[in-house]
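Text of the file model-v4.pdb, holding PDB, C-alpha atoms and all ligand atoms:
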ATOM      1  CA  MET D 627       0.000   0.000   0.000  1.00  0.00           C
ATOM      2  CA  GLU D 628       1.342   3.383  -1.032  1.00  0.00           C
ATOM      3  CA  LYS D 629       0.456   6.699   0.641  1.00  0.00           C
ATOM      4  CA  ARG D 630      -0.436   9.328  -1.960  1.00  0.00           C
ATOM      5  CA  GLU D 631      -1.732  12.914  -1.948  1.00  0.00           C
ATOM      6  CA  GLN D 632      -3.609  14.541   0.925  1.00  0.00           C
ATOM      7  CA  LEU D 633      -7.339  14.603   0.187  1.00  0.00           C
ATOM      8  CA  TYR D 634      -8.577  16.499   3.204  1.00  0.00           C
ATOM      9  CA  GLU D 635      -7.463  18.060   6.458  1.00  0.00           C
ATOM     10  CA  GLY D 636      -9.959  18.245   9.295  1.00  0.00           C
ATOM     11  CA  LYS D 637      -9.596  19.605  12.820  1.00  0.00           C
ATOM     12  CA  ALA D 638      -8.209  16.379  14.298  1.00  0.00           C
ATOM     13  CA  LYS D 639      -7.227  14.227  11.301  1.00  0.00           C
ATOM     14  CA  LYS D 640      -5.745  14.292   7.815  1.00  0.00           C
ATOM     15  CA  VAL D 641      -6.906  11.935   5.076  1.00  0.00           C
ATOM     16  CA  PHE D 642      -4.612  10.716   2.301  1.00  0.00           C
ATOM     17  CA  ALA D 643      -5.315   8.816  -0.911  1.00  0.00           C
ATOM     18  CA  THR D 644      -3.643   5.434  -1.436  1.00  0.00           C
ATOM     19  CA  ASP D 645      -2.856   3.402  -4.554  1.00  0.00           C
ATOM     20  CA  ASP D 646      -6.119   1.510  -3.880  1.00  0.00           C
ATOM     21  CA  PRO D 647      -9.094   3.716  -4.869  1.00  0.00           C
ATOM     22  CA  THR D 648     -11.329   1.992  -2.299  1.00  0.00           C
ATOM     23  CA  LEU D 649      -9.013   2.759   0.665  1.00  0.00           C
ATOM     24  CA  VAL D 650      -7.781   5.946   2.330  1.00  0.00           C
ATOM     25  CA  LEU D 651      -5.232   6.566   5.064  1.00  0.00           C
ATOM     26  CA  VAL D 652      -6.248   8.527   8.162  1.00  0.00           C
ATOM     27  CA  SER D 653      -3.569  10.335  10.167  1.00  0.00           C
ATOM     28  CA  TYR D 654      -4.520  11.538  13.658  1.00  0.00           C
ATOM     29  CA  LYS D 655      -3.204  14.919  14.839  1.00  0.00           C
ATOM     30  CA  ASP D 656      -2.495  16.236  18.344  1.00  0.00           C
ATOM     31  CA  ASP D 657      -4.433  19.430  17.494  1.00  0.00           C
ATOM     32  CA  ALA D 658      -7.498  20.043  19.617  1.00  0.00           C
ATOM     33  CA  THR D 659     -10.327  22.465  18.940  1.00  0.00           C
ATOM     34  CA  ALA D 660     -13.553  23.216  20.750  1.00  0.00           C
ATOM     35  CA  PHE D 661     -16.585  25.459  20.408  1.00  0.00           C
ATOM     36  CA  ASN D 662     -16.640  25.202  16.600  1.00  0.00           C
ATOM     37  CA  GLY D 663     -12.942  26.048  16.303  1.00  0.00           C
ATOM     38  CA  LEU D 664     -12.989  29.078  18.630  1.00  0.00           C
ATOM     39  CA  LYS D 665     -10.717  27.389  21.178  1.00  0.00           C
ATOM     40  CA  LYS D 666      -7.520  25.862  19.820  1.00  0.00           C
ATOM     41  CA  GLY D 667      -4.706  23.917  21.431  1.00  0.00           C
ATOM     42  CA  THR D 668      -2.560  20.823  21.408  1.00  0.00           C
ATOM     43  CA  ILE D 669      -2.984  17.691  23.469  1.00  0.00           C
ATOM     44  CA  GLU D 670       0.395  15.950  23.512  1.00  0.00           C
ATOM     45  CA  GLY D 671       0.079  12.333  22.369  1.00  0.00           C
ATOM     46  CA  LYS D 672      -3.654  12.637  21.606  1.00  0.00           C
ATOM     47  CA  GLY D 673      -3.339  11.566  17.964  1.00  0.00           C
ATOM     48  CA  ALA D 674      -1.680   8.273  18.823  1.00  0.00           C
ATOM     49  CA  ILE D 675      -4.116   7.544  21.676  1.00  0.00           C
ATOM     50  CA  ASN D 676      -7.216   8.335  19.594  1.00  0.00           C
ATOM     51  CA  ASN D 677      -5.875   6.192  16.745  1.00  0.00           C
ATOM     52  CA  ARG D 678      -5.361   3.183  19.007  1.00  0.00           C
ATOM     53  CA  VAL D 679      -8.539   3.624  21.052  1.00  0.00           C
ATOM     54  CA  THR D 680     -10.677   4.115  17.934  1.00  0.00           C
ATOM     55  CA  ASN D 681      -9.239   1.037  16.229  1.00  0.00           C
ATOM     56  CA  TYR D 682      -9.682  -1.075  19.350  1.00  0.00           C
ATOM     57  CA  LEU D 683     -13.322  -0.031  19.696  1.00  0.00           C
ATOM     58  CA  MET D 684     -14.090  -0.344  15.962  1.00  0.00           C
ATOM     59  CA  GLN D 685     -12.850  -3.948  16.021  1.00  0.00           C
ATOM     60  CA  LEU D 686     -14.925  -4.675  19.114  1.00  0.00           C
ATOM     61  CA  LEU D 687     -17.989  -3.233  17.358  1.00  0.00           C
ATOM     62  CA  GLU D 688     -17.350  -5.261  14.172  1.00  0.00           C
ATOM     63  CA  LYS D 689     -17.433  -8.403  16.332  1.00  0.00           C
ATOM     64  CA  ASN D 690     -20.767  -7.248  17.701  1.00  0.00           C
ATOM     65  CA  GLY D 691     -22.494  -6.701  14.373  1.00  0.00           C
ATOM     66  CA  VAL D 692     -21.710  -3.080  13.535  1.00  0.00           C
ATOM     67  CA  PRO D 693     -19.876  -2.778  10.190  1.00  0.00           C
ATOM     68  CA  THR D 694     -17.115  -0.141  10.281  1.00  0.00           C
ATOM     69  CA  HIS D 695     -14.644   1.494   7.920  1.00  0.00           C
ATOM     70  CA  PHE D 696     -11.652   0.015   9.808  1.00  0.00           C
ATOM     71  CA  VAL D 697      -9.140  -1.984   7.740  1.00  0.00           C
ATOM     72  CA  GLN D 698      -5.699  -1.940   9.376  1.00  0.00           C
ATOM     73  CA  GLU D 699      -3.631   0.053  11.866  1.00  0.00           C
ATOM     74  CA  LEU D 700      -0.454   1.097  10.028  1.00  0.00           C
ATOM     75  CA  SER D 701       1.505   3.005  12.678  1.00  0.00           C
ATOM     76  CA  ALA D 702       1.115   4.924  15.931  1.00  0.00           C
ATOM     77  CA  ARG D 703      -1.107   7.560  14.334  1.00  0.00           C
ATOM     78  CA  GLU D 704      -2.011   6.166  10.923  1.00  0.00           C
ATOM     79  CA  THR D 705      -4.801   3.775   9.951  1.00  0.00           C
ATOM     80  CA  LEU D 706      -6.058   2.377   6.678  1.00  0.00           C
ATOM     81  CA  VAL D 707      -9.836   2.681   6.317  1.00  0.00           C
ATOM     82  CA  LYS D 708     -12.418   2.032   3.626  1.00  0.00           C
ATOM     83  CA  LYS D 709     -13.213   5.102   1.553  1.00  0.00           C
ATOM     84  CA  VAL D 710     -16.745   6.304   2.286  1.00  0.00           C
ATOM     85  CA  ALA D 711     -19.015   9.181   1.367  1.00  0.00           C
ATOM     86  CA  ILE D 712     -19.780  10.636   4.781  1.00  0.00           C
ATOM     87  CA  VAL D 713     -23.466  11.028   5.674  1.00  0.00           C
ATOM     88  CA  PRO D 714     -23.381  14.711   6.716  1.00  0.00           C
ATOM     89  CA  LEU D 715     -24.773  14.091  10.199  1.00  0.00           C
ATOM     90  CA  GLU D 716     -23.393  13.912  13.704  1.00  0.00           C
ATOM     91  CA  VAL D 717     -25.318  11.158  15.453  1.00  0.00           C
ATOM     92  CA  ILE D 718     -25.304  11.906  19.172  1.00  0.00           C
ATOM     93  CA  VAL D 719     -26.305   9.271  21.708  1.00  0.00           C
ATOM     94  CA  ARG D 720     -27.003  10.301  25.305  1.00  0.00           C
ATOM     95  CA  ASN D 721     -27.490   8.310  28.495  1.00  0.00           C
ATOM     96  CA  VAL D 722     -26.915  11.084  31.040  1.00  0.00           C
ATOM     97  CA  ALA D 723     -27.561  14.820  30.620  1.00  0.00           C
ATOM     98  CA  ALA D 724     -24.380  16.822  29.999  1.00  0.00           C
ATOM     99  CA  GLY D 725     -22.998  19.496  27.699  1.00  0.00           C
ATOM    100  CA  SER D 726     -25.407  21.066  25.248  1.00  0.00           C
ATOM    101  CA  LEU D 727     -28.396  18.959  26.366  1.00  0.00           C
ATOM    102  CA  ALA D 728     -28.010  20.009  30.012  1.00  0.00           C
ATOM    103  CA  LYS D 729     -27.791  23.637  28.873  1.00  0.00           C
ATOM    104  CA  ARG D 730     -30.685  23.484  26.377  1.00  0.00           C
ATOM    105  CA  LEU D 731     -33.153  21.811  28.748  1.00  0.00           C
ATOM    106  CA  GLY D 732     -31.893  23.333  32.000  1.00  0.00           C
ATOM    107  CA  LEU D 733     -30.948  19.954  33.469  1.00  0.00           C
ATOM    108  CA  ALA D 734     -28.220  19.468  36.058  1.00  0.00           C
ATOM    109  CA  GLU D 735     -25.211  17.755  34.503  1.00  0.00           C
ATOM    110  CA  GLY D 736     -25.287  14.141  35.613  1.00  0.00           C
ATOM    111  CA  THR D 737     -29.085  13.761  35.512  1.00  0.00           C
ATOM    112  CA  VAL D 738     -29.699  10.194  34.351  1.00  0.00           C
ATOM    113  CA  LEU D 739     -32.049  10.103  31.356  1.00  0.00           C
ATOM    114  CA  SER D 740     -34.969   7.670  31.736  1.00  0.00           C
ATOM    115  CA  ARG D 741     -34.179   6.325  28.267  1.00  0.00           C
ATOM    116  CA  THR D 742     -31.455   6.708  25.671  1.00  0.00           C
ATOM    117  CA  VAL D 743     -31.801   9.887  23.596  1.00  0.00           C
ATOM    118  CA  LEU D 744     -30.577  10.168  20.000  1.00  0.00           C
ATOM    119  CA  GLU D 745     -29.971  13.535  18.365  1.00  0.00           C
ATOM    120  CA  TYR D 746     -28.835  14.433  14.870  1.00  0.00           C
ATOM    121  CA  CYS D 747     -26.857  17.514  13.881  1.00  0.00           C
ATOM    122  CA  TYR D 748     -26.204  18.618  10.308  1.00  0.00           C
ATOM    123  CA  LYS D 749     -22.436  18.723   9.810  1.00  0.00           C
ATOM    124  CA  ASP D 750     -21.790  22.299   8.700  1.00  0.00           C
ATOM    125  CA  ASP D 751     -19.252  24.417  10.572  1.00  0.00           C
ATOM    126  CA  ALA D 752     -20.525  27.674   9.017  1.00  0.00           C
ATOM    127  CA  LEU D 753     -23.998  26.951  10.445  1.00  0.00           C
ATOM    128  CA  GLY D 754     -22.617  25.684  13.774  1.00  0.00           C
ATOM    129  CA  ASP D 755     -23.806  22.079  13.237  1.00  0.00           C
ATOM    130  CA  PRO D 756     -27.541  22.768  13.794  1.00  0.00           C
ATOM    131  CA  MET D 757     -29.715  20.062  15.328  1.00  0.00           C
ATOM    132  CA  VAL D 758     -32.109  18.491  12.816  1.00  0.00           C
ATOM    133  CA  ASN D 759     -34.757  15.766  12.943  1.00  0.00           C
ATOM    134  CA  ASP D 760     -35.733  12.824  10.713  1.00  0.00           C
ATOM    135  CA  ASP D 761     -38.025  15.040   8.625  1.00  0.00           C
ATOM    136  CA  HIS D 762     -35.236  17.554   7.872  1.00  0.00           C
ATOM    137  CA  ILE D 763     -32.906  14.688   6.982  1.00  0.00           C
ATOM    138  CA  ALA D 764     -35.414  13.131   4.551  1.00  0.00           C
ATOM    139  CA  ALA D 765     -36.473  16.490   3.085  1.00  0.00           C
ATOM    140  CA  MET D 766     -32.886  17.562   2.430  1.00  0.00           C
ATOM    141  CA  GLY D 767     -31.945  14.136   1.050  1.00  0.00           C
ATOM    142  CA  TRP D 768     -29.036  13.704   3.488  1.00  0.00           C
ATOM    143  CA  ALA D 769     -30.069  10.082   4.099  1.00  0.00           C
ATOM    144  CA  THR D 770     -33.063   7.920   3.219  1.00  0.00           C
ATOM    145  CA  GLU D 771     -35.525   6.713   5.837  1.00  0.00           C
ATOM    146  CA  ALA D 772     -34.158   3.175   5.391  1.00  0.00           C
ATOM    147  CA  GLU D 773     -30.598   4.434   5.942  1.00  0.00           C
ATOM    148  CA  MET D 774     -31.709   6.307   9.078  1.00  0.00           C
ATOM    149  CA  ALA D 775     -33.323   3.134  10.450  1.00  0.00           C
ATOM    150  CA  THR D 776     -29.986   1.347   9.949  1.00  0.00           C
ATOM    151  CA  ILE D 777     -28.007   4.221  11.477  1.00  0.00           C
ATOM    152  CA  ARG D 778     -30.303   4.358  14.502  1.00  0.00           C
ATOM    153  CA  ALA D 779     -30.034   0.603  15.070  1.00  0.00           C
ATOM    154  CA  TYR D 780     -26.224   0.702  14.783  1.00  0.00           C
ATOM    155  CA  ALA D 781     -26.004   3.719  17.113  1.00  0.00           C
ATOM    156  CA  LEU D 782     -28.029   1.866  19.775  1.00  0.00           C
ATOM    157  CA  THR D 783     -25.854  -1.236  19.386  1.00  0.00           C
ATOM    158  CA  VAL D 784     -22.735   0.914  19.787  1.00  0.00           C
ATOM    159  CA  ASN D 785     -24.254   2.363  22.960  1.00  0.00           C
ATOM    160  CA  ARG D 786     -24.980  -1.093  24.394  1.00  0.00           C
ATOM    161  CA  VAL D 787     -21.609  -2.665  23.520  1.00  0.00           C
ATOM    162  CA  LEU D 788     -19.540   0.363  24.515  1.00  0.00           C
ATOM    163  CA  GLY D 789     -21.587   0.954  27.670  1.00  0.00           C
ATOM    164  CA  GLU D 790     -21.149  -2.638  28.852  1.00  0.00           C
ATOM    165  CA  THR D 791     -17.429  -2.711  28.040  1.00  0.00           C
ATOM    166  CA  LEU D 792     -16.746   0.562  29.818  1.00  0.00           C
ATOM    167  CA  ARG D 793     -18.888  -0.253  32.859  1.00  0.00           C
ATOM    168  CA  ASP D 794     -16.559  -3.186  33.585  1.00  0.00           C
ATOM    169  CA  LEU D 795     -13.661  -0.685  33.583  1.00  0.00           C
ATOM    170  CA  ASN D 796     -15.386   1.703  35.997  1.00  0.00           C
ATOM    171  CA  ILE D 797     -16.139   4.170  33.216  1.00  0.00           C
ATOM    172  CA  GLU D 798     -19.627   5.569  32.683  1.00  0.00           C
ATOM    173  CA  LEU D 799     -20.569   6.312  29.068  1.00  0.00           C
ATOM    174  CA  ILE D 800     -22.386   9.637  29.385  1.00  0.00           C
ATOM    175  CA  ASP D 801     -22.794  10.496  25.695  1.00  0.00           C
ATOM    176  CA  PHE D 802     -20.950  10.259  22.389  1.00  0.00           C
ATOM    177  CA  LYS D 803     -20.967  11.329  18.749  1.00  0.00           C
ATOM    178  CA  LEU D 804     -20.826   8.969  15.765  1.00  0.00           C
ATOM    179  CA  GLU D 805     -20.487   9.516  12.045  1.00  0.00           C
ATOM    180  CA  PHE D 806     -21.515   7.074   9.341  1.00  0.00           C
ATOM    181  CA  GLY D 807     -20.532   6.717   5.697  1.00  0.00           C
ATOM    182  CA  ARG D 808     -21.585   4.887   2.555  1.00  0.00           C
ATOM    183  CA  LEU D 809     -19.332   2.467   0.697  1.00  0.00           C
ATOM    184  CA  ALA D 810     -19.421   2.562  -3.122  1.00  0.00           C
ATOM    185  CA  ASP D 811     -22.251  -0.014  -3.107  1.00  0.00           C
ATOM    186  CA  GLY D 812     -24.295   2.065  -0.651  1.00  0.00           C
ATOM    187  CA  THR D 813     -23.612  -0.055   2.457  1.00  0.00           C
ATOM    188  CA  ILE D 814     -23.757   2.047   5.638  1.00  0.00           C
ATOM    189  CA  VAL D 815     -20.694   1.686   7.875  1.00  0.00           C
ATOM    190  CA  LEU D 816     -19.514   3.371  11.061  1.00  0.00           C
ATOM    191  CA  ALA D 817     -16.754   5.879  10.187  1.00  0.00           C
ATOM    192  CA  ASP D 818     -14.731   8.690  11.811  1.00  0.00           C
ATOM    193  CA  GLU D 819     -13.497   7.998  15.361  1.00  0.00           C
ATOM    194  CA  ILE D 820     -14.622   6.884  18.810  1.00  0.00           C
ATOM    195  CA  SER D 821     -12.281   8.424  21.358  1.00  0.00           C
ATOM    196  CA  PRO D 822     -12.121  10.774  24.348  1.00  0.00           C
ATOM    197  CA  ASP D 823     -12.473  13.568  21.738  1.00  0.00           C
ATOM    198  CA  THR D 824     -15.933  12.365  20.751  1.00  0.00           C
ATOM    199  CA  CYS D 825     -17.320  10.765  23.925  1.00  0.00           C
ATOM    200  CA  ARG D 826     -17.961  11.799  27.513  1.00  0.00           C
ATOM    201  CA  PHE D 827     -16.419   9.296  29.907  1.00  0.00           C
ATOM    202  CA  TRP D 828     -16.809   9.727  33.677  1.00  0.00           C
ATOM    203  CA  ASP D 829     -15.074   7.601  36.281  1.00  0.00           C
ATOM    204  CA  THR D 830     -17.883   5.596  37.883  1.00  0.00           C
ATOM    205  CA  VAL D 831     -16.466   5.955  41.399  1.00  0.00           C
ATOM    206  CA  THR D 832     -14.941   9.455  41.523  1.00  0.00           C
ATOM    207  CA  ARG D 833     -17.192  10.995  38.793  1.00  0.00           C
ATOM    208  CA  GLU D 834     -14.011  12.534  37.376  1.00  0.00           C
ATOM    209  CA  LYS D 835     -14.206  13.518  33.697  1.00  0.00           C
ATOM    210  CA  LEU D 836     -11.867  11.472  31.486  1.00  0.00           C
ATOM    211  CA  ASP D 837     -12.488  13.137  28.122  1.00  0.00           C
ATOM    212  CA  LYS D 838     -12.236  16.281  26.023  1.00  0.00           C
ATOM    213  CA  ASP D 839     -14.319  18.305  28.498  1.00  0.00           C
ATOM    214  CA  ARG D 840     -11.030  18.634  30.448  1.00  0.00           C
ATOM    215  CA  PHE D 841      -9.706  20.634  27.476  1.00  0.00           C
ATOM    216  CA  ARG D 842     -12.976  22.452  26.701  1.00  0.00           C
ATOM    217  CA  ARG D 843     -13.367  23.581  30.323  1.00  0.00           C
ATOM    218  CA  ASP D 844      -9.675  24.086  31.212  1.00  0.00           C
ATOM    219  CA  LEU D 845      -9.806  21.442  33.949  1.00  0.00           C
ATOM    220  CA  GLY D 846      -6.144  20.392  33.534  1.00  0.00           C
ATOM    221  CA  GLY D 847      -4.851  16.837  33.379  1.00  0.00           C
ATOM    222  CA  VAL D 848      -6.003  16.453  29.776  1.00  0.00           C
ATOM    223  CA  GLU D 849      -3.170  14.177  28.597  1.00  0.00           C
ATOM    224  CA  ASP D 850      -3.460  12.018  31.724  1.00  0.00           C
ATOM    225  CA  ALA D 851      -7.200  11.525  31.168  1.00  0.00           C
ATOM    226  CA  TYR D 852      -6.722  10.378  27.560  1.00  0.00           C
ATOM    227  CA  HIS D 853      -3.956   8.054  28.688  1.00  0.00           C
ATOM    228  CA  GLU D 854      -6.104   6.638  31.490  1.00  0.00           C
ATOM    229  CA  ILE D 855      -8.852   5.715  29.000  1.00  0.00           C
ATOM    230  CA  MET D 856      -6.370   3.886  26.760  1.00  0.00           C
ATOM    231  CA  LYS D 857      -4.841   2.136  29.763  1.00  0.00           C
ATOM    232  CA  ARG D 858      -8.169   0.908  31.135  1.00  0.00           C
ATOM    233  CA  LEU D 859      -9.322  -0.295  27.715  1.00  0.00           C
ATOM    234  CA  MET D 860      -6.129  -1.777  26.362  1.00  0.00           C
ATOM    235  CA  GLY D 861      -3.968  -2.262  29.429  1.00  0.00           C
ATOM    236  CA  GLU D 862      -1.248   0.180  28.352  1.00  0.00           C
TER
HETATM  237  P1  LIG Q   1     -22.749  18.171  23.239  1.00  0.00           P
HETATM  238  O1  LIG Q   1     -23.878  18.292  22.240  1.00  0.00           O
HETATM  239  O2  LIG Q   1     -23.224  17.985  24.636  1.00  0.00           O
HETATM  240  O3  LIG Q   1     -21.746  19.274  23.065  1.00  0.00           O
HETATM  241  O4  LIG Q   1     -21.949  16.848  22.824  1.00  0.00           O
HETATM  242  C1  LIG Q   1     -22.521  15.571  23.004  1.00  0.00           C
HETATM  243  C2  LIG Q   1     -21.461  14.505  22.756  1.00  0.00           C
HETATM  244  O5  LIG Q   1     -21.104  14.480  21.383  1.00  0.00           O
HETATM  245  C3  LIG Q   1     -20.160  14.733  23.519  1.00  0.00           C
HETATM  246  O6  LIG Q   1     -19.621  13.465  23.882  1.00  0.00           O
HETATM  247  C4  LIG Q   1     -19.228  15.403  22.509  1.00  0.00           C
HETATM  248  O7  LIG Q   1     -17.895  15.051  22.738  1.00  0.00           O
HETATM  249  C5  LIG Q   1     -19.750  14.835  21.201  1.00  0.00           C
HETATM  250  N1  LIG Q   1     -19.735  15.848  20.142  1.00  0.00           N
HETATM  251  C6  LIG Q   1     -20.767  16.578  19.682  1.00  0.00           C
HETATM  252  N2  LIG Q   1     -20.392  17.407  18.688  1.00  0.00           N
HETATM  253  C7  LIG Q   1     -19.080  17.199  18.512  1.00  0.00           C
HETATM  254  C8  LIG Q   1     -18.103  17.757  17.627  1.00  0.00           C
HETATM  255  O8  LIG Q   1     -18.363  18.618  16.768  1.00  0.00           O
HETATM  256  N3  LIG Q   1     -16.833  17.285  17.781  1.00  0.00           N
HETATM  257  C9  LIG Q   1     -16.505  16.342  18.705  1.00  0.00           C
HETATM  258  N4  LIG Q   1     -15.237  15.939  18.803  1.00  0.00           N
HETATM  259  N5  LIG Q   1     -17.411  15.784  19.535  1.00  0.00           N
HETATM  260  C10 LIG Q   1     -18.674  16.216  19.439  1.00  0.00           C
END
What do you get writing this file as structure tokens?
Ligand code: 5GP
Amino acid sequence: MEKREQLYEGKAKKVFATDDPTLVLVSYKDDATAFNGLKKGTIEGKGAINNRVTNYLMQLLEKNGVPTHFVQELSARETLVKKVAIVPLEVIVRNVAAGSLAKRLGLAEGTVLSRTVLEYCYKDDALGDPMVNDDHIAAMGWATEAEMATIRAYALTVNRVLGETLRDLNIELIDFKLEFGRLADGTIVLADEISPDTCRFWDTVTREKLDKDRFRRDLGGVEDAYHEIMKRLMGE
């Protein structure tokens, strides 16, 4: 496999073409942004941790019936993935009120939700990723109703598998964001990343935050928190 030209640079990752038109190479950066790019910084070692954590969790999810874009980890921060057309939605799954939900509904952070809540946001930085519903998604043609049924089912499976795995490690899965893509034949697969950048993880015992909120809210100990998640999941 040969690494070719850069196709795209996002806030946390770069994507490169390869000599195989069906595969792309993802390279994770240490750059961190928050509040739609308003806050910028670096989290030392983040790229390598998010690469390894994401790949570990993607493989776990594959085993549990969720197809993903993962192909092969190439190096500390580089992974080969299937090329997809991203469905332009952030799929947010919530078990406990935090972040924007706590703010929007006036709930205390940490309020347990009586059932899992799914939200969709249209991926558009210029618009600030506005929340949308199934009707907007169908009307705008971002995904079909059949695709949304698949995405919803996969998102709930991810919540169950991840929640169970993390509970055993004394980590509570508060909420997380997923992105899905379409392969050339239209198959929906889980794409992007699953990491402390995209999830809220709280220590079950101490309630300490072990995720990107430490960066967003200037809580300190950001690198240590990312490392702790990798250590509990993968033993290193
Ligand atoms: P909230 O809507 O409360 O800000 O975020 C809910 C969950 O989705 C959190 O776990 C958060 O990390 C994740 N999330 C939502 N939007 C984004 C985003 O644009 N980037 C990243 N990295 N995570 C997001």
**Message:** Using all atoms listed in the file for the distances, tell me which of D:Asp839, D:Asp751, D:Glu628, D:Asp657 is nearest to Lys640 in chain D.
**Reply:** D:Asp657
**Message:** If we count only C-alpha atoms and set the cut-off at 7 Å, which residues sit around Lys838 in chain D, ignoring sequence neighbours fewer than 4 positions away in its own chain? Please answer as a ChimeraX atom specification.
**Reply:** /D:822-823,842
**Request:** Evaluate the PyMOL selection byres (((not hetatm)) within 6 of (chain Q and resi 1)) and record the selected residues as a list in words, following the chain and residue labels used in the document.
**Result:**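 Selection result, ordered by chain and number: Ile718, Ala724, Gly725, Ser726, Leu727, Asp801, Phe802, Lys803, Asp823, Thr824, Cys825 and Arg826 of chain D.
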**Item:** Chain and number of each residue from the PyMOL selection byres (((chain D and resi 641) around 7) and not hetatm), as a list of chain:residue names
**Value:** D:Gln632, D:Leu633, D:Tyr634, D:Glu635, D:Lys639, D:Lys640, D:Phe642, D:Ala643, D:Val650, D:Leu651, D:Val652, D:Ser653
**Prompt:** Which is closest to Arg808 in chain D among D:Val758, D:Ile712, D:Ile669, D:Met627, if we use all atoms listed in the file?
**Reply:**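 Closest to Arg808 in chain D, using all atoms listed in the file: D:Ile712.
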**Prompt:** Which distance in Å separates CA of Leu782 in chain D and CA of Val743 in chain D, to one decimal?
**Reply:**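 Result for CA of Leu782 in chain D versus CA of Val743 in chain D: 9.7 Å, one decimal.
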**Asked** Contacts of Ala817 in chain D at 8 Å or less, counting only C-alpha atoms, minus same-chain residues fewer than 3 places along, as a ChimeraX atom specification?
**Response** /D:694-696,710,712,804-807
**Message:** Residues near Gly846 in chain D, anyone? I mean within 12 Å using all atoms listed in the file, not counting same-chain ones fewer than 3 positions away, as a PyMOL selection string.
**Reply:** chain D and resi 669+834-843+849-852
Around all of range 735-744 of chain D's listed atoms, make the axis-aligned box with 3 Å on each side and tell me centre and edge lengths in Å to one decimal, as lines of an AutoDock Vina configuration file.
center_x = -30.1
center_y = 12.0
center_z = 27.8
size_x = 15.8
size_y = 17.4
size_z = 21.6
**Request:** Rank D:Ile800, D:Val679, D:Leu687, D:Ala764 by their smallest atom-to-atom distance to Glu862 in chain D, using all atoms listed in the file, and report the top residue only.
**Result:** D:Val679
**Request:** Write out as a VMD selection string each polymer residue whose atoms come within 9 Å of Ala810 in chain D, counting only C-alpha atoms; drop sequence neighbours fewer than 2 positions from it.
**Result:** chain D and resid 648 709 to 711 808 812 to 813
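When the PyMOL selection byres (((chain D and resi 784-790) around 8) and not hetatm) is run on the displayed coordinates, the residues it returns are Leu683, Leu687, Asn690, Val692, Val719, Tyr780, Ala781, Leu782, Thr783, Thr791, Leu792, Arg793, Asp794, Glu798 and Leu799 of chain D.
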Give me, as JSON lines, the closest atom pair and its distance (Å, one decimal) for every residue of range 794-834 of chain D within a cut-off of 10 Å of range 853-857 of chain D, counting only C-alpha atoms, rows sorted by chain and rising number.
{"residue": "D:Leu795", "atom": "CA", "partner": "D:Ile855", "partner_atom": "CA", "distance": 9.2}
{"residue": "D:Ile797", "atom": "CA", "partner": "D:Ile855", "partner_atom": "CA", "distance": 8.6}
{"residue": "D:Ser821", "atom": "CA", "partner": "D:Ile855", "partner_atom": "CA", "distance": 8.8}
{"residue": "D:Pro822", "atom": "CA", "partner": "D:Ile855", "partner_atom": "CA", "distance": 7.6}
{"residue": "D:Phe827", "atom": "CA", "partner": "D:Ile855", "partner_atom": "CA", "distance": 8.4}
{"residue": "D:Asp829", "atom": "CA", "partner": "D:Ile855", "partner_atom": "CA", "distance": 9.8}
**Asked** If you measure from CA of Glu631 in chain D to CA of Lys655 in chain D, what distance in Å do you get, rounded to one decimal?
**Response**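 Interatomic distance here is 17.0 Å.
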